[in-house]
Every structure is written in structure tokens, then in C-alpha cells.
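For reference, run33.csv is printed below; it contains CSV, N, CA and C atoms.
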chain,number,residue,atom,x,y,z
A,1,GLU,N,-163.2,159.1,-28.8
A,1,GLU,CA,-163.4,158.2,-29.9
A,1,GLU,C,-162.6,158.6,-31.2
A,2,SER,N,-162.5,159.9,-31.4
A,2,SER,CA,-161.8,160.3,-32.7
A,2,SER,C,-160.3,160.3,-32.5
A,3,PRO,N,-159.6,160.4,-33.6
A,3,PRO,CA,-158.1,160.4,-33.5
A,3,PRO,C,-157.6,161.6,-32.6
A,4,PHE,N,-156.6,161.3,-31.8
A,4,PHE,CA,-156.0,162.3,-31.0
A,4,PHE,C,-154.5,162.0,-30.8
A,5,VAL,N,-153.8,163.0,-30.2
A,5,VAL,CA,-152.4,162.9,-29.8
A,5,VAL,C,-152.4,162.9,-28.3
A,6,PHE,N,-151.6,162.0,-27.7
A,6,PHE,CA,-151.5,162.1,-26.3
A,6,PHE,C,-150.0,162.3,-25.9
A,7,ILE,N,-149.8,163.0,-24.8
A,7,ILE,CA,-148.5,163.5,-24.4
A,7,ILE,C,-148.4,163.1,-22.9
A,8,LYS,N,-147.3,162.3,-22.6
A,8,LYS,CA,-147.1,161.9,-21.2
A,8,LYS,C,-146.7,163.1,-20.3
A,9,MET,N,-147.3,163.3,-19.2
A,9,MET,CA,-146.9,164.3,-18.3
A,9,MET,C,-146.0,163.7,-17.3
A,10,THR,N,-145.1,164.5,-16.8
A,10,THR,CA,-144.1,164.1,-15.8
A,10,THR,C,-144.1,165.1,-14.6
A,11,PRO,N,-143.4,164.8,-13.5
A,11,PRO,CA,-143.3,165.8,-12.5
A,11,PRO,C,-142.7,167.2,-13.0
A,12,LYS,N,-142.0,167.1,-14.1
A,12,LYS,CA,-141.4,168.3,-14.7
A,12,LYS,C,-142.3,169.1,-15.6
A,13,THR,N,-143.5,168.6,-15.8
A,13,THR,CA,-144.5,169.3,-16.7
A,13,THR,C,-145.0,170.5,-16.0
A,14,ASN,N,-144.8,171.7,-16.6
A,14,ASN,CA,-145.3,172.9,-16.1
A,14,ASN,C,-146.4,173.4,-17.0
A,15,PHE,N,-147.5,173.8,-16.4
A,15,PHE,CA,-148.6,174.4,-17.3
A,15,PHE,C,-149.3,175.5,-16.6
A,16,SER,N,-149.7,176.5,-17.4
A,16,SER,CA,-150.4,177.6,-16.9
A,16,SER,C,-151.7,177.7,-17.7
A,17,PHE,N,-152.7,178.2,-16.9
A,17,PHE,CA,-154.1,178.2,-17.5
A,17,PHE,C,-154.9,179.2,-16.7
A,18,ASP,N,-156.0,179.6,-17.3
A,18,ASP,CA,-157.0,180.5,-16.7
A,18,ASP,C,-158.0,179.6,-16.0
A,19,PRO,N,-158.1,179.7,-14.7
A,19,PRO,CA,-159.1,178.8,-14.0
A,19,PRO,C,-160.5,179.1,-14.4
A,20,ASN,N,-160.8,180.1,-15.0
A,20,ASN,CA,-162.2,180.4,-15.5
A,20,ASN,C,-162.5,179.7,-16.8
A,21,LYS,N,-161.5,179.1,-17.4
A,21,LYS,CA,-161.6,178.5,-18.7
A,21,LYS,C,-161.3,177.0,-18.7
A,22,MET,N,-161.8,176.3,-17.7
A,22,MET,CA,-161.7,174.9,-17.5
A,22,MET,C,-163.0,174.3,-16.9
A,23,PHE,N,-163.2,173.0,-17.2
A,23,PHE,CA,-164.4,172.4,-16.7
A,23,PHE,C,-164.2,170.9,-16.6
A,24,SER,N,-164.8,170.3,-15.7
A,24,SER,CA,-164.7,168.8,-15.5
A,24,SER,C,-165.4,168.1,-16.7
A,25,PHE,N,-164.9,167.0,-17.1
A,25,PHE,CA,-165.4,166.2,-18.2
A,25,PHE,C,-165.7,164.8,-17.6
A,26,GLU,N,-166.9,164.6,-17.0
A,26,GLU,CA,-167.3,163.3,-16.4
A,26,GLU,C,-166.1,162.8,-15.6
A,27,ASP,N,-165.9,161.5,-15.7
A,27,ASP,CA,-164.8,160.9,-14.9
A,27,ASP,C,-163.5,160.9,-15.7
A,28,LYS,N,-163.5,161.5,-16.9
A,28,LYS,CA,-162.3,161.4,-17.8
A,28,LYS,C,-161.2,162.4,-17.4
A,29,GLY,N,-161.5,163.5,-16.8
A,29,GLY,CA,-160.5,164.5,-16.4
A,29,GLY,C,-161.1,165.9,-16.5
A,30,THR,N,-160.2,166.8,-16.9
A,30,THR,CA,-160.6,168.2,-17.0
A,30,THR,C,-160.3,168.8,-18.4
A,31,ILE,N,-161.2,169.5,-19.0
A,31,ILE,CA,-161.0,170.2,-20.3
A,31,ILE,C,-160.5,171.6,-19.9
A,32,TYR,N,-159.4,171.9,-20.5
A,32,TYR,CA,-158.8,173.3,-20.4
A,32,TYR,C,-159.0,173.9,-21.8
A,33,THR,N,-159.7,175.0,-21.8
A,33,THR,CA,-160.0,175.6,-23.1
A,33,THR,C,-158.7,176.3,-23.7
A,34,GLU,N,-157.9,176.9,-22.8
A,34,GLU,CA,-156.7,177.5,-23.2
A,34,GLU,C,-155.6,177.2,-22.1
A,35,PHE,N,-154.4,176.8,-22.6
A,35,PHE,CA,-153.3,176.6,-21.6
A,35,PHE,C,-152.0,176.5,-22.4
A,36,THR,N,-150.9,176.6,-21.7
A,36,THR,CA,-149.6,176.4,-22.2
A,36,THR,C,-148.9,175.4,-21.3
A,37,ALA,N,-148.2,174.4,-21.9
A,37,ALA,CA,-147.5,173.4,-21.1
A,37,ALA,C,-146.1,173.2,-21.7
A,38,THR,N,-145.1,173.0,-20.8
A,38,THR,CA,-143.8,172.7,-21.2
A,38,THR,C,-143.3,171.5,-20.4
A,39,ASP,N,-142.4,170.8,-21.1
A,39,ASP,CA,-141.7,169.6,-20.5
A,39,ASP,C,-140.5,169.3,-21.3
A,40,ASN,N,-139.9,168.2,-21.1
A,40,ASN,CA,-138.7,167.8,-21.9
A,40,ASN,C,-139.0,167.7,-23.4
A,41,TRP,N,-140.2,167.4,-23.7
A,41,TRP,CA,-140.6,167.2,-25.1
A,41,TRP,C,-140.8,168.5,-25.8
A,42,GLY,N,-141.0,169.7,-25.1
A,42,GLY,CA,-141.1,170.9,-25.8
A,42,GLY,C,-142.1,171.8,-25.1
A,43,LYS,N,-142.8,172.6,-26.0
A,43,LYS,CA,-143.8,173.6,-25.5
A,43,LYS,C,-145.1,173.4,-26.3
A,44,LEU,N,-146.2,173.3,-25.6
A,44,LEU,CA,-147.6,173.2,-26.2
A,44,LEU,C,-148.4,174.4,-25.8
A,45,LYS,N,-149.1,174.9,-26.8
A,45,LYS,CA,-150.0,176.0,-26.6
A,45,LYS,C,-151.4,175.6,-27.2
A,46,VAL,N,-152.4,175.5,-26.3
A,46,VAL,CA,-153.7,175.1,-26.7
A,46,VAL,C,-154.6,176.3,-26.7
A,47,SER,N,-155.4,176.5,-27.8
A,47,SER,CA,-156.2,177.7,-28.0
A,47,SER,C,-157.7,177.4,-27.9
A,48,ASP,N,-158.1,176.1,-28.0
A,48,ASP,CA,-159.5,175.8,-28.0
A,48,ASP,C,-159.8,174.4,-27.5
A,49,GLY,N,-159.2,174.0,-26.4
A,49,GLY,CA,-159.6,172.8,-25.7
A,49,GLY,C,-158.6,171.6,-25.8
A,50,ALA,N,-158.3,171.1,-24.7
A,50,ALA,CA,-157.5,169.9,-24.5
A,50,ALA,C,-157.9,169.2,-23.2
A,51,LEU,N,-157.8,167.9,-23.2
A,51,LEU,CA,-158.2,167.1,-22.0
A,51,LEU,C,-156.9,166.7,-21.2
A,52,ILE,N,-156.9,166.9,-19.9
A,52,ILE,CA,-155.9,166.3,-19.1
A,52,ILE,C,-156.6,165.3,-18.2
A,53,ASN,N,-156.1,164.1,-18.2
A,53,ASN,CA,-156.9,163.0,-17.5
A,53,ASN,C,-156.9,163.3,-16.0
A,54,SER,N,-157.7,162.6,-15.3
A,54,SER,CA,-158.0,162.8,-13.9
A,54,SER,C,-156.7,162.5,-13.0
A,55,SER,N,-155.8,161.7,-13.5
A,55,SER,CA,-154.6,161.4,-12.7
A,55,SER,C,-153.4,162.3,-13.1
A,56,TYR,N,-153.7,163.3,-14.0
A,56,TYR,CA,-152.7,164.3,-14.5
A,56,TYR,C,-151.5,163.5,-15.0
A,57,SER,N,-151.7,162.5,-15.8
A,57,SER,CA,-150.6,161.7,-16.4
A,57,SER,C,-150.5,161.9,-17.9
A,58,TYR,N,-151.6,162.4,-18.5
A,58,TYR,CA,-151.6,162.6,-20.0
A,58,TYR,C,-152.4,163.8,-20.4
A,59,ILE,N,-151.9,164.5,-21.4
A,59,ILE,CA,-152.6,165.6,-22.1
A,59,ILE,C,-153.1,165.0,-23.4
A,60,TYR,N,-154.3,165.2,-23.8
A,60,TYR,CA,-154.9,164.7,-25.0
A,60,TYR,C,-155.3,165.9,-25.9
A,61,ILE,N,-154.8,166.0,-27.1
A,61,ILE,CA,-155.1,167.1,-28.0
A,61,ILE,C,-155.6,166.4,-29.3
A,62,SER,N,-156.3,167.2,-30.1
A,62,SER,CA,-156.9,166.7,-31.3
A,62,SER,C,-155.9,166.4,-32.5
A,63,ALA,N,-156.4,165.5,-33.3
A,63,ALA,CA,-155.7,165.2,-34.5
A,63,ALA,C,-156.8,165.4,-35.6
A,64,PRO,N,-156.5,165.7,-36.8
A,64,PRO,CA,-155.2,165.6,-37.5
A,64,PRO,C,-154.3,166.8,-37.1
A,65,PHE,N,-153.1,166.7,-37.6
A,65,PHE,CA,-152.1,167.8,-37.4
A,65,PHE,C,-151.1,167.8,-38.5
A,66,GLU,N,-150.3,168.8,-38.6
A,66,GLU,CA,-149.2,168.9,-39.6
A,66,GLU,C,-148.0,169.0,-38.7
A,67,ILE,N,-146.9,168.4,-39.2
A,67,ILE,CA,-145.6,168.6,-38.5
A,67,ILE,C,-144.5,169.0,-39.6
A,68,LYS,N,-143.8,170.0,-39.3
A,68,LYS,CA,-142.8,170.5,-40.1
A,68,LYS,C,-141.6,170.8,-39.3
A,69,GLY,N,-140.6,170.0,-39.4
A,69,GLY,CA,-139.4,170.1,-38.5
A,69,GLY,C,-139.8,169.9,-37.1
A,70,GLU,N,-139.5,170.9,-36.2
A,70,GLU,CA,-139.8,170.9,-34.8
A,70,GLU,C,-141.1,171.5,-34.5
A,71,ASN,N,-141.9,171.9,-35.5
A,71,ASN,CA,-143.2,172.6,-35.2
A,71,ASN,C,-144.3,171.7,-35.7
A,72,ALA,N,-145.3,171.5,-34.8
A,72,ALA,CA,-146.5,170.7,-35.1
A,72,ALA,C,-147.7,171.6,-34.8
A,73,LYS,N,-148.7,171.4,-35.6
A,73,LYS,CA,-149.9,172.3,-35.5
A,73,LYS,C,-151.1,171.5,-35.8
A,74,GLY,N,-152.1,171.6,-34.8
A,74,GLY,CA,-153.4,171.0,-35.0
A,74,GLY,C,-154.4,172.2,-35.2
A,75,LYS,N,-155.7,171.8,-35.3
A,75,LYS,CA,-156.7,172.8,-35.5
A,75,LYS,C,-156.8,173.8,-34.3
A,76,ASP,N,-156.5,173.4,-33.1
A,76,ASP,CA,-156.6,174.2,-31.9
A,76,ASP,C,-155.4,174.2,-31.0
A,77,TRP,N,-154.3,173.8,-31.5
A,77,TRP,CA,-153.0,173.8,-30.8
A,77,TRP,C,-151.8,173.9,-31.6
A,78,GLU,N,-150.7,174.4,-31.0
A,78,GLU,CA,-149.4,174.5,-31.6
A,78,GLU,C,-148.4,173.9,-30.7
A,79,MET,N,-147.4,173.2,-31.2
A,79,MET,CA,-146.3,172.6,-30.4
A,79,MET,C,-145.0,172.8,-31.0
A,80,THR,N,-144.0,173.2,-30.2
A,80,THR,CA,-142.6,173.2,-30.6
A,80,THR,C,-141.9,172.0,-29.9
A,81,LEU,N,-141.5,171.1,-30.7
A,81,LEU,CA,-140.8,169.9,-30.1
A,81,LEU,C,-139.4,170.1,-29.9
A,82,ASN,N,-138.9,169.7,-28.8
A,82,ASN,CA,-137.4,169.8,-28.5
A,82,ASN,C,-136.7,168.8,-29.3
A,83,GLU,N,-135.4,169.0,-29.5
A,83,GLU,CA,-134.6,168.1,-30.3
A,83,GLU,C,-134.7,166.7,-29.8
A,84,GLY,N,-134.9,165.8,-30.7
A,84,GLY,CA,-135.0,164.4,-30.4
A,84,GLY,C,-136.4,163.9,-30.1
A,85,TYR,N,-137.4,164.7,-30.2
A,85,TYR,CA,-138.8,164.3,-30.0
A,85,TYR,C,-139.6,164.5,-31.3
A,86,THR,N,-140.6,163.6,-31.4
A,86,THR,CA,-141.5,163.6,-32.5
A,86,THR,C,-142.9,163.2,-32.1
A,87,ILE,N,-143.8,163.2,-33.0
A,87,ILE,CA,-145.1,162.7,-32.8
A,87,ILE,C,-145.2,161.5,-33.7
A,88,SER,N,-145.5,160.3,-33.1
A,88,SER,CA,-145.5,159.0,-33.9
A,88,SER,C,-146.8,158.3,-33.8
A,89,PRO,N,-147.2,157.5,-34.8
A,89,PRO,CA,-148.4,156.7,-34.6
A,89,PRO,C,-148.3,155.8,-33.4
A,90,TYR,N,-149.4,155.5,-32.7
A,90,TYR,CA,-149.4,154.7,-31.6
A,90,TYR,C,-150.0,153.3,-31.9
A,91,LYS,N,-149.1,152.3,-31.9
A,91,LYS,CA,-149.5,151.0,-32.2
A,91,LYS,C,-150.3,150.9,-33.5
A,92,ASP,N,-151.3,150.0,-33.6
A,92,ASP,CA,-152.1,149.9,-34.8
A,92,ASP,C,-153.4,150.6,-34.6
A,93,THR,N,-153.3,151.9,-34.2
A,93,THR,CA,-154.6,152.7,-34.0
A,93,THR,C,-154.5,154.0,-34.8
A,94,ASP,N,-155.6,154.8,-34.7
A,94,ASP,CA,-155.6,156.1,-35.3
A,94,ASP,C,-155.2,157.2,-34.3
A,95,LYS,N,-154.4,156.8,-33.3
A,95,LYS,CA,-153.9,157.7,-32.3
A,95,LYS,C,-152.4,157.9,-32.5
A,96,PHE,N,-151.9,159.0,-31.8
A,96,PHE,CA,-150.5,159.4,-31.9
A,96,PHE,C,-150.0,159.7,-30.6
A,97,ILE,N,-148.7,159.6,-30.4
A,97,ILE,CA,-148.0,159.9,-29.1
A,97,ILE,C,-146.8,160.7,-29.3
A,98,VAL,N,-146.5,161.6,-28.4
A,98,VAL,CA,-145.2,162.3,-28.5
A,98,VAL,C,-144.2,161.4,-27.8
A,99,THR,N,-143.1,161.2,-28.6
A,99,THR,CA,-142.1,160.2,-28.2
A,99,THR,C,-140.7,160.8,-28.4
A,100,LYS,N,-139.7,160.3,-27.7
A,100,LYS,CA,-138.3,160.6,-27.9
A,100,LYS,C,-137.8,159.6,-29.0
A,101,GLN,N,-137.1,160.2,-29.9
A,101,GLN,CA,-136.6,159.3,-31.1
A,101,GLN,C,-135.5,158.5,-30.6
What do you get writing this file as C-alpha cells?
Amino acid sequence: ESPFVFIKMTPKTNFSFDPNKMFSFEDKGTIYTEFTATDNWGKLKVSDGALINSSYSYIYISAPFEIKGENAKGKDWEMTLNEGYTISPYKDTDKFIVTKQ
């Protein structure tokens, strides 16, 4: 319900996590309390929880966040965006999406 950032996962998305630090979240997917993910958009390091939906197509991280150049930081995550990528508002909502410029 609250504002969040979502990131499209692809077959190229690599992520590493501790299997002892994850749990199912109803039918919504899995909460990973700590993990690192990389893809064409850059590198994401989560330190206190993110949701990956049940079809493994999106990563959801908390908003608000700050973005300075290629570095974005939320309360419980940090991201380094690759050249040409940014975090943009999603339509007319309080949500954000990682997109290619």
C-alpha cells in the first residue's frame, strides 16, 4: 500500500541471498531480508527487506529514496544504476520504476 520502487527482473538478473533470511509473504511472493541483485540496470544491495513477487518478475523496495547521479539510496537498500538508467515516477501514482532513459 505504501510508496515503493519496483524493478523488472529478466533472465539476466542474478541475485544472491542467505536462505535463512527469507520467508513467504502470503500469495504476494517472498521477502528477502538481505540480498544483492544485478542486471542491466545496475546493482542493488538490500539490507532490511525487499519483496520478490511469486513469478520472479519484479523486485519491490521501499520508498522514499534519494538519488545522486548513479547512486540511489533508500532506508534499507542501496543501488548503483548503470549508465542510461534512472528511477522514475510510475504513471499517476506514488510508486516508482527503474527505467532505461
Just list as a PyMOL selection string whatever in chain A DSSP marks as strand (DSSP E or B).
chain A and resi 4-8+14-17+22-25+29-32+35-39+42-46+50-53+58-62+65-68+71-74+77-81+85-89+96-100
Non-local contacts of A:Asp18 (7 Å; all atoms listed in the file; under 2 positions in same chain excluded) as a VMD selection string:
chain A and resid 16 20 to 22 34 to 35
Just write the chosen residues, N, CA and C atoms, as a PDB file, keeping the file's coordinate frame.
ATOM      1  N   SER A  16    -149.700 176.500 -17.400  1.00  0.00           N
ATOM      2  CA  SER A  16    -150.400 177.600 -16.900  1.00  0.00           C
ATOM      3  C   SER A  16    -151.700 177.700 -17.700  1.00  0.00           C
ATOM      4  N   ASN A  20    -160.800 180.100 -15.000  1.00  0.00           N
ATOM      5  CA  ASN A  20    -162.200 180.400 -15.500  1.00  0.00           C
ATOM      6  C   ASN A  20    -162.500 179.700 -16.800  1.00  0.00           C
ATOM      7  N   LYS A  21    -161.500 179.100 -17.400  1.00  0.00           N
ATOM      8  CA  LYS A  21    -161.600 178.500 -18.700  1.00  0.00           C
ATOM      9  C   LYS A  21    -161.300 177.000 -18.700  1.00  0.00           C
ATOM     10  N   MET A  22    -161.800 176.300 -17.700  1.00  0.00           N
ATOM     11  CA  MET A  22    -161.700 174.900 -17.500  1.00  0.00           C
ATOM     12  C   MET A  22    -163.000 174.300 -16.900  1.00  0.00           C
ATOM     13  N   GLU A  34    -157.900 176.900 -22.800  1.00  0.00           N
ATOM     14  CA  GLU A  34    -156.700 177.500 -23.200  1.00  0.00           C
ATOM     15  C   GLU A  34    -155.600 177.200 -22.100  1.00  0.00           C
ATOM     16  N   PHE A  35    -154.400 176.800 -22.600  1.00  0.00           N
ATOM     17  CA  PHE A  35    -153.300 176.600 -21.600  1.00  0.00           C
ATOM     18  C   PHE A  35    -152.000 176.500 -22.400  1.00  0.00           C
TER      19      PHE A  35
END
When distances are computed from only C-alpha atoms, which of A:Thr30, A:Ser24, A:Asn82, A:Ser2 shows the smallest separation from A:Lys100?
A:Asn82
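Coordinates place atom C of A:Pro3 at a distance of 11.9 Å from atom C of A:Asp92.
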Hey, can you check how far atom CA of A:Ala50 sits from atom CA of A:Glu83?
23.7 Å
Extract stretch 51-63 of chain A from the structure I just pasted (atoms: N, CA, C and O atoms) and return it as a short mmCIF file (atom, residue, chain, number, x, y, z; two decimals), in the first residue's frame.
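Written out: out-v3.cif:
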data_model
loop_
_atom_site.label_atom_id
_atom_site.label_comp_id
_atom_site.auth_asym_id
_atom_site.auth_seq_id
_atom_site.Cartn_x
_atom_site.Cartn_y
_atom_site.Cartn_z
N LEU A 51 10.68 -7.39 -1.38
CA LEU A 51 9.77 -8.43 -1.86
C LEU A 51 10.11 -8.78 -3.30
O LEU A 51 10.31 -7.88 -4.13
N ILE A 52 10.18 -10.06 -3.59
CA ILE A 52 10.23 -10.53 -4.98
C ILE A 52 8.92 -11.27 -5.20
O ILE A 52 8.57 -12.17 -4.42
N ASN A 53 8.17 -10.85 -6.22
CA ASN A 53 6.84 -11.44 -6.41
C ASN A 53 6.95 -12.93 -6.74
O ASN A 53 8.01 -13.45 -7.06
N SER A 54 5.82 -13.62 -6.65
CA SER A 54 5.81 -15.07 -6.78
C SER A 54 6.21 -15.56 -8.17
O SER A 54 6.66 -16.69 -8.32
N SER A 55 6.09 -14.73 -9.20
CA SER A 55 6.52 -15.14 -10.55
C SER A 55 7.96 -14.71 -10.86
O SER A 55 8.42 -14.89 -11.98
N TYR A 56 8.65 -14.17 -9.86
CA TYR A 56 10.03 -13.71 -10.03
C TYR A 56 10.18 -12.76 -11.22
O TYR A 56 11.13 -12.81 -11.97
N SER A 57 9.22 -11.84 -11.36
CA SER A 57 9.29 -10.86 -12.45
C SER A 57 9.60 -9.45 -11.94
O SER A 57 10.03 -8.61 -12.73
N TYR A 58 9.40 -9.17 -10.64
CA TYR A 58 9.67 -7.84 -10.10
C TYR A 58 10.26 -7.93 -8.70
O TYR A 58 9.90 -8.80 -7.92
N ILE A 59 11.15 -6.98 -8.41
CA ILE A 59 11.67 -6.73 -7.08
C ILE A 59 11.00 -5.45 -6.59
O ILE A 59 10.94 -4.47 -7.33
N TYR A 60 10.51 -5.46 -5.36
CA TYR A 60 9.86 -4.29 -4.77
C TYR A 60 10.68 -3.84 -3.57
O TYR A 60 10.94 -4.63 -2.66
N ILE A 61 11.09 -2.57 -3.58
CA ILE A 61 11.86 -1.99 -2.49
C ILE A 61 11.14 -0.73 -2.00
O ILE A 61 10.32 -0.16 -2.70
N SER A 62 11.48 -0.31 -0.80
CA SER A 62 10.76 0.80 -0.17
C SER A 62 11.11 2.16 -0.77
O SER A 62 12.19 2.37 -1.30
N ALA A 63 10.15 3.06 -0.70
CA ALA A 63 10.36 4.48 -0.96
C ALA A 63 10.00 5.16 0.35
O ALA A 63 9.27 4.58 1.15
#
